[in-house]
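Working notes, beginning with the structure itself.
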Amino acid sequence: MTIKTWMRAGLPALATTALFAVAALAQEAAAPATDAVADAVTVDKGDITWMMVSSILVLFMTVPGLALFYGGLVRAKNMLSVLMQVTVIAAVMMLLWVFYGYSLAFTSGNAFIGGFSKAFLSGVTTESLADTFSKGVKIPEYVFMAFQMTFSAITPALIIGAFAERMKFSAIVLFCILWVTLVYYPIAHMVWFSEGYLFGLGALDFAGGTVVHINAGIAGLVGCILIGKRTGFGKELMPPHSLPFAMVGASVLWVGWFGFNAGSNLEANAGTTLALVNTFVATAGAIVGWTIIEWLAKGKPSMLGAISGMVAGLVAITPAAGLSGPIGAIVLGFVASIICFFFCTTVKNALGYDDSLDVFGVHGIGGIVGAIGTGVVVAPALGGPGIADYAMGHQVWVQVQAVAVTLVWGGVVSAILYKVVDVIVGLRPSVEKEREGLDIVEHGERAYHS
């Protein structure tokens, strides 16, 4: 083959080979950078789906769950008023969350409150992402915002059970607007945002023991004391008008609570399954605990007691849902239900306050037991997953501080807000209107027609 022939035949092949070699080298060189980007940020469709489902489950807890639970526990003449209060509170809180709540809770500001950089969801788009608990794993910011929105919607609605049947609708709505702004958002920021005061202390609150339950419980206790007792309280029988409704509502709460607890893991992984299992077994332990103690104390176990234990167990496991082993969760639920029973009966009767639906006795006390207990059950020696540099005594002390801050902040600010609302619109309807029932007086409707 002559040189010319070789050049005509061989050079194209040589050039092609060289091009492939160069391309392969370039691809190999680019691969680490591409892999680094992929490793840096992962958004999984399974996580997104789970978080959307969890958000919907927490809404299901609120309406119809909480509404039916509370509605069944009041007298028939106040059934619709409770349903209306829960529904409207949830709707108003969702709007406030979008307007400025999300920004105040989850943006930089100081150790106690965030700023307005994301007011009206400024900068939140389909492209923006939120962190999870795994390095490099993120979820769309919209779904994180929506999930946290459902928490801010149900928390103020929990409070109304403490003064059910005796507060004006206008006063309730105004109070909840002020309360969520000045109490819920700051506590959420302190506990769950990376720059928050209690977060910095190392306080553990997996799904809202302090932020939701202690917060709502102390606001309810202060409210029922300042508003006063129901007309006829202690002289007239005030039994639940429909325990079947209450039982259905409590059961819906339990189902929805899986979104509340397991959703707080922010991903669909093994940690999520731990929170799911604990939400099953802690609640079961609490139902059994309340049933046993009531049976021993009163001679008969009641349906009201069983569903009260159910909610007490759910409340207690909330801060520890992903931070406890299953056996620790059972013990936590069992113990919390017995302590809650004591507060809902002995303590409430001794002090004489009218916490209509035991918001403080179940949510407040259950939240306190759960929050402090989280510092114990997280211990690997007790089956918990543990945390870095864990020391039980230190962690329990941190948990006590978180509880104390929540009680003081929530209690003092709530007391001020009740007084402010009383001055602006008045807290209570007249005695005559209260006796007639808030359904017809406040809303012009009745739940039942004879």
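Identifiers for the structure tokens are assigned positionally: chains receive A, B, ... in sequence, residues are indexed from 1 per chain, and ligands are indexed from 1 in the order shown.
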- request: From region 98-144 of chain A, collect each residue whose DSSP state is strand (DSSP E or B) and return the set as a PyMOL selection string.
  value: chain A and resi 129-131+137-140
Please produce an output containing C-alpha atoms for each residue in the selection, written as a tab-separated table (two decimals), in the first residue's frame.
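The resulting selection.tsv:
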```tsv
chain	number	residue	atom	x	y	z
A	129	LEU	CA	-36.06	22.82	47.60
A	130	ALA	CA	-36.19	22.19	51.34
A	131	ASP	CA	-33.77	20.11	53.41
A	137	VAL	CA	-31.70	14.61	50.13
A	138	LYS	CA	-34.24	17.34	49.53
A	139	ILE	CA	-37.95	17.73	48.84
A	140	PRO	CA	-39.80	20.46	46.95
```
query: Within 12 Å of Ile387 (chain A), counting only C-alpha atoms, which residues qualify if same-chain residues fewer than 3 places away don't, as a list in words?
result: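 So, after excluding close chain neighbours, the residues are Gly202, Ala203, Leu204, Gly322, Leu323, Ser324, Thr374, Gly375, Val376, Val377, Val378, Ala379, Pro380, Ala381, Gly384, Tyr390, Ala391, Met392 and Gln395 of chain A.
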task: Could you find all residues in region 111-186 of chain A that DSSP calls alpha helix (DSSP H) from the backbone, and write them as a ChimeraX atom specification?
output: /A:141-159,169-179,185-186
- line: What separates CA of Glu445 (chain A) and CA of Met79 (chain A) is a distance of 10.1 Å
query: Taking into account only C-alpha atoms, which residue in the set A:Lys348, A:Arg166, A:Lys118, A:His363 is nearest to Leu427 (chain A)?
result: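 Among A:Lys348, A:Arg166, A:Lys118, A:His363, it is A:Arg166 that comes nearest to Leu427 (chain A).
Atom pair CA of Leu66 (chain A) / CA of Leu158 (chain A) has a distance of 7.7 Å (rounded to one decimal).
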All residues 6 Å or closer to Gly249 (chain A), only C-alpha atoms, same chain fewer than 6 positions away omitted, as a list in words: Gly65, Leu66, Leu68 and Phe69 of chain A
- prompt: A:Ser55, A:Thr87, A:Asn110, A:Ser308: which is nearest Gly200 (chain A), counting only C-alpha atoms?
  reply: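 Selected residue with least distance to Gly200 (chain A): A:Asn110.
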task: Quick one: pull the distance between CA of Ala371 (chain A) and CA of Gly259 (chain A), Å, one decimal.
output: 19.2 Å
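For the set A:Gly114, A:Gly228, A:Gly223, A:Pro301, the residue with the smallest atom-to-atom gap to Pro429 (chain A) is A:Gly228, counting only C-alpha atoms.
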Which residues of region 69-97 of chain A come within 9 Å of region 168-180 of chain A, and what is each one's closest atom pair and distance in Å (one decimal), counting only C-alpha atoms, sorted by chain and residue number, as a tab-separated table?
```
residue	atom	partner	partner_atom	distance
A:Ser81	CA	A:Phe169	CA	8.0
A:Met84	CA	A:Phe169	CA	8.8
A:Gln85	CA	A:Phe169	CA	7.0
A:Val88	CA	A:Val173	CA	7.9
A:Ile89	CA	A:Val173	CA	6.4
A:Val92	CA	A:Ile177	CA	7.8
A:Met93	CA	A:Ile177	CA	7.3
A:Leu96	CA	A:Ile177	CA	8.0
```
Could you write out that same residue set with N, CA and C atoms as a short mmCIF file (atom, residue, chain, number, x, y, z; two decimals), in the first residue's frame?
```cif
data_model
loop_
_atom_site.label_atom_id
_atom_site.label_comp_id
_atom_site.auth_asym_id
_atom_site.auth_seq_id
_atom_site.Cartn_x
_atom_site.Cartn_y
_atom_site.Cartn_z
N SER A 81 -71.52 24.55 66.41
CA SER A 81 -70.59 25.64 66.71
C SER A 81 -69.16 25.12 66.74
N MET A 84 -68.01 24.35 63.18
CA MET A 84 -67.74 25.62 62.49
C MET A 84 -66.42 26.21 62.95
N GLN A 85 -66.19 26.19 64.24
CA GLN A 85 -64.95 26.76 64.78
C GLN A 85 -63.73 26.05 64.22
N VAL A 88 -63.37 26.82 60.27
CA VAL A 88 -62.96 28.18 59.92
C VAL A 88 -61.56 28.49 60.44
N ILE A 89 -61.24 28.02 61.65
CA ILE A 89 -59.89 28.23 62.18
C ILE A 89 -58.85 27.63 61.23
N VAL A 92 -58.52 29.85 58.06
CA VAL A 92 -57.84 31.12 58.32
C VAL A 92 -56.35 30.90 58.58
N MET A 93 -56.03 29.86 59.33
CA MET A 93 -54.62 29.59 59.63
C MET A 93 -53.83 29.24 58.37
N LEU A 96 -53.03 32.56 56.67
CA LEU A 96 -51.99 33.29 57.39
C LEU A 96 -50.62 32.65 57.18
#
```
Would you mind listing what lies within 12 Å of Pro319 (chain A) as a CSV table (one decimal) with N, CA and C atoms, in the first residue's frame, with only C-alpha atoms counted and same-chain residues fewer than 4 positions away left out?
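And here's out.csv as it stands now:
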```csv
chain,number,residue,atom,x,y,z
A,191,VAL,N,-38.0,25.9,67.9
A,191,VAL,CA,-37.8,24.4,68.1
A,191,VAL,C,-37.3,23.8,66.8
A,192,TRP,N,-37.8,24.2,65.6
A,192,TRP,CA,-37.6,23.5,64.4
A,192,TRP,C,-36.7,24.2,63.4
A,203,ALA,N,-32.8,20.7,71.9
A,203,ALA,CA,-34.1,20.1,72.3
A,203,ALA,C,-34.6,19.2,71.2
A,204,LEU,N,-35.1,18.0,71.5
A,204,LEU,CA,-35.7,17.1,70.6
A,204,LEU,C,-37.2,17.2,70.6
A,205,ASP,N,-37.7,17.4,69.4
A,205,ASP,CA,-39.2,17.4,69.2
A,205,ASP,C,-39.5,16.9,67.8
A,206,PHE,N,-39.6,15.6,67.7
A,206,PHE,CA,-39.7,15.0,66.3
A,206,PHE,C,-40.9,15.6,65.6
A,207,ALA,N,-42.1,15.6,66.2
A,207,ALA,CA,-43.3,16.0,65.5
A,207,ALA,C,-44.2,17.0,66.2
A,208,GLY,N,-43.8,17.6,67.3
A,208,GLY,CA,-44.6,18.7,67.8
A,208,GLY,C,-45.1,18.6,69.2
A,209,GLY,N,-44.4,17.9,70.1
A,209,GLY,CA,-44.8,17.8,71.5
A,209,GLY,C,-44.8,19.2,72.2
A,210,THR,N,-43.8,20.0,71.9
A,210,THR,CA,-43.8,21.3,72.5
A,210,THR,C,-44.5,22.3,71.6
A,211,VAL,N,-44.2,22.3,70.3
A,211,VAL,CA,-44.8,23.2,69.3
A,211,VAL,C,-46.3,23.2,69.3
A,212,VAL,N,-46.8,21.9,69.2
A,212,VAL,CA,-48.2,21.7,69.1
A,212,VAL,C,-49.0,21.5,70.4
A,213,HIS,N,-48.6,20.5,71.1
A,213,HIS,CA,-49.4,20.0,72.2
A,213,HIS,C,-49.3,20.8,73.5
A,214,ILE,N,-48.0,21.0,74.0
A,214,ILE,CA,-47.9,21.8,75.2
A,214,ILE,C,-48.3,23.2,74.9
A,260,PHE,N,-48.9,13.0,60.6
A,260,PHE,CA,-48.4,13.9,61.6
A,260,PHE,C,-47.0,13.4,62.1
A,261,ASN,N,-46.9,12.2,62.5
A,261,ASN,CA,-45.7,11.6,63.1
A,261,ASN,C,-44.7,11.1,62.0
A,262,ALA,N,-45.2,10.1,61.2
A,262,ALA,CA,-44.3,9.5,60.2
A,262,ALA,C,-43.9,10.6,59.1
A,264,SER,N,-43.3,13.6,59.7
A,264,SER,CA,-42.3,14.5,60.2
A,264,SER,C,-40.9,14.0,59.9
A,265,ASN,N,-40.7,12.8,59.4
A,265,ASN,CA,-39.4,12.4,59.0
A,265,ASN,C,-38.9,13.0,57.7
A,275,ALA,N,-41.2,5.6,63.0
A,275,ALA,CA,-42.3,6.5,63.5
A,275,ALA,C,-43.7,5.9,63.3
A,278,ASN,N,-44.2,3.2,66.0
A,278,ASN,CA,-44.4,3.8,67.3
A,278,ASN,C,-45.8,4.5,67.5
A,279,THR,N,-46.3,5.0,66.4
A,279,THR,CA,-47.6,5.6,66.4
A,279,THR,C,-48.7,4.5,66.6
A,282,ALA,N,-47.5,2.9,70.7
A,282,ALA,CA,-47.7,3.8,71.8
A,282,ALA,C,-49.1,4.1,72.1
A,313,GLY,N,-52.1,8.9,74.2
A,313,GLY,CA,-50.9,8.1,73.7
A,313,GLY,C,-50.3,8.8,72.4
A,314,LEU,N,-51.2,9.2,71.5
A,314,LEU,CA,-50.8,9.9,70.3
A,314,LEU,C,-50.0,11.2,70.6
A,315,VAL,N,-50.5,11.9,71.6
A,315,VAL,CA,-49.8,13.2,72.0
A,315,VAL,C,-48.4,12.8,72.6
A,323,LEU,N,-37.7,8.8,67.5
A,323,LEU,CA,-36.6,8.9,68.4
A,323,LEU,C,-36.7,7.8,69.5
A,324,SER,N,-37.6,6.9,69.4
A,324,SER,CA,-37.8,5.9,70.4
A,324,SER,C,-37.9,4.5,69.8
A,329,ALA,N,-41.7,3.2,73.3
A,329,ALA,CA,-42.9,3.9,72.9
A,329,ALA,C,-44.1,3.4,73.6
A,332,LEU,N,-44.0,4.6,77.2
A,332,LEU,CA,-44.3,6.1,77.2
A,332,LEU,C,-45.8,6.3,77.1
A,333,GLY,N,-46.4,5.6,76.1
A,333,GLY,CA,-47.8,5.8,76.0
A,333,GLY,C,-48.6,5.3,77.2
A,366,GLY,N,-50.0,15.3,78.5
A,366,GLY,CA,-49.4,14.3,77.6
A,366,GLY,C,-48.2,14.8,76.8
A,367,GLY,N,-48.2,16.1,76.4
A,367,GLY,CA,-47.1,16.7,75.7
A,367,GLY,C,-45.9,16.8,76.6
A,368,ILE,N,-46.1,17.2,77.9
A,368,ILE,CA,-45.0,17.4,78.8
A,368,ILE,C,-44.4,16.0,79.1
A,369,VAL,N,-45.2,15.0,79.3
A,369,VAL,CA,-44.6,13.7,79.6
A,369,VAL,C,-43.9,13.2,78.4
A,370,GLY,N,-44.4,13.4,77.2
A,370,GLY,CA,-43.8,12.9,76.0
A,370,GLY,C,-42.5,13.7,75.7
A,371,ALA,N,-42.5,15.0,75.9
A,371,ALA,CA,-41.3,15.8,75.6
A,371,ALA,C,-40.2,15.4,76.5
A,372,ILE,N,-40.4,15.3,77.8
A,372,ILE,CA,-39.4,15.0,78.8
A,372,ILE,C,-39.0,13.5,78.6
A,373,GLY,N,-40.0,12.7,78.4
A,373,GLY,CA,-39.7,11.3,78.2
A,373,GLY,C,-38.9,11.0,76.9
A,374,THR,N,-38.9,11.9,75.9
A,374,THR,CA,-38.1,11.7,74.7
A,374,THR,C,-36.6,11.7,75.1
A,375,GLY,N,-36.2,12.4,76.1
A,375,GLY,CA,-34.8,12.4,76.5
A,375,GLY,C,-34.4,11.1,77.1
A,376,VAL,N,-35.4,10.3,77.5
A,376,VAL,CA,-35.1,9.0,78.1
A,376,VAL,C,-35.1,7.9,77.0
A,377,VAL,N,-36.2,7.8,76.3
A,377,VAL,CA,-36.4,6.7,75.3
A,377,VAL,C,-35.6,6.8,74.1
A,378,VAL,N,-34.9,7.9,73.8
A,378,VAL,CA,-34.0,8.0,72.7
A,378,VAL,C,-32.7,7.2,73.0
A,399,GLN,N,-34.6,18.9,77.6
A,399,GLN,CA,-36.0,18.7,77.3
A,399,GLN,C,-36.9,19.5,78.4
A,402,ALA,N,-36.9,23.1,77.4
A,402,ALA,CA,-37.8,23.3,76.2
A,402,ALA,C,-39.3,23.4,76.7
A,403,VAL,N,-39.6,22.5,77.6
A,403,VAL,CA,-41.0,22.5,78.1
A,403,VAL,C,-41.3,23.8,78.9
```
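Compared by their closest atoms to Ser337 (chain A), and using only C-alpha atoms, the residues A:Ala67, A:Ala111, A:Ile227, A:Ile292 rank with A:Ile292 nearest.
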field: Neighbour list for Leu221 (chain A) as a PyMOL selection string, cut-off 8 Å, only C-alpha atoms, skip fewer than 3 positions in-chain
entry: chain A and resi 162+217-218+224-225+355+359-360
query: If you count only C-alpha atoms, which residues fall within 9 Å of Ala284 (chain A), apart from same-chain ones fewer than 4 positions away, as number ranges by chain?
result: A: 279-280, 288-289, 309-310, 313, 330, 333-334
query: Pick the closest to Thr42 (chain A) from A:Asp358, A:Glu294, A:Glu434, A:Glu267: which is it, counting only C-alpha atoms?
result: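 Closest to Thr42 (chain A), using only C-alpha atoms: A:Glu267.
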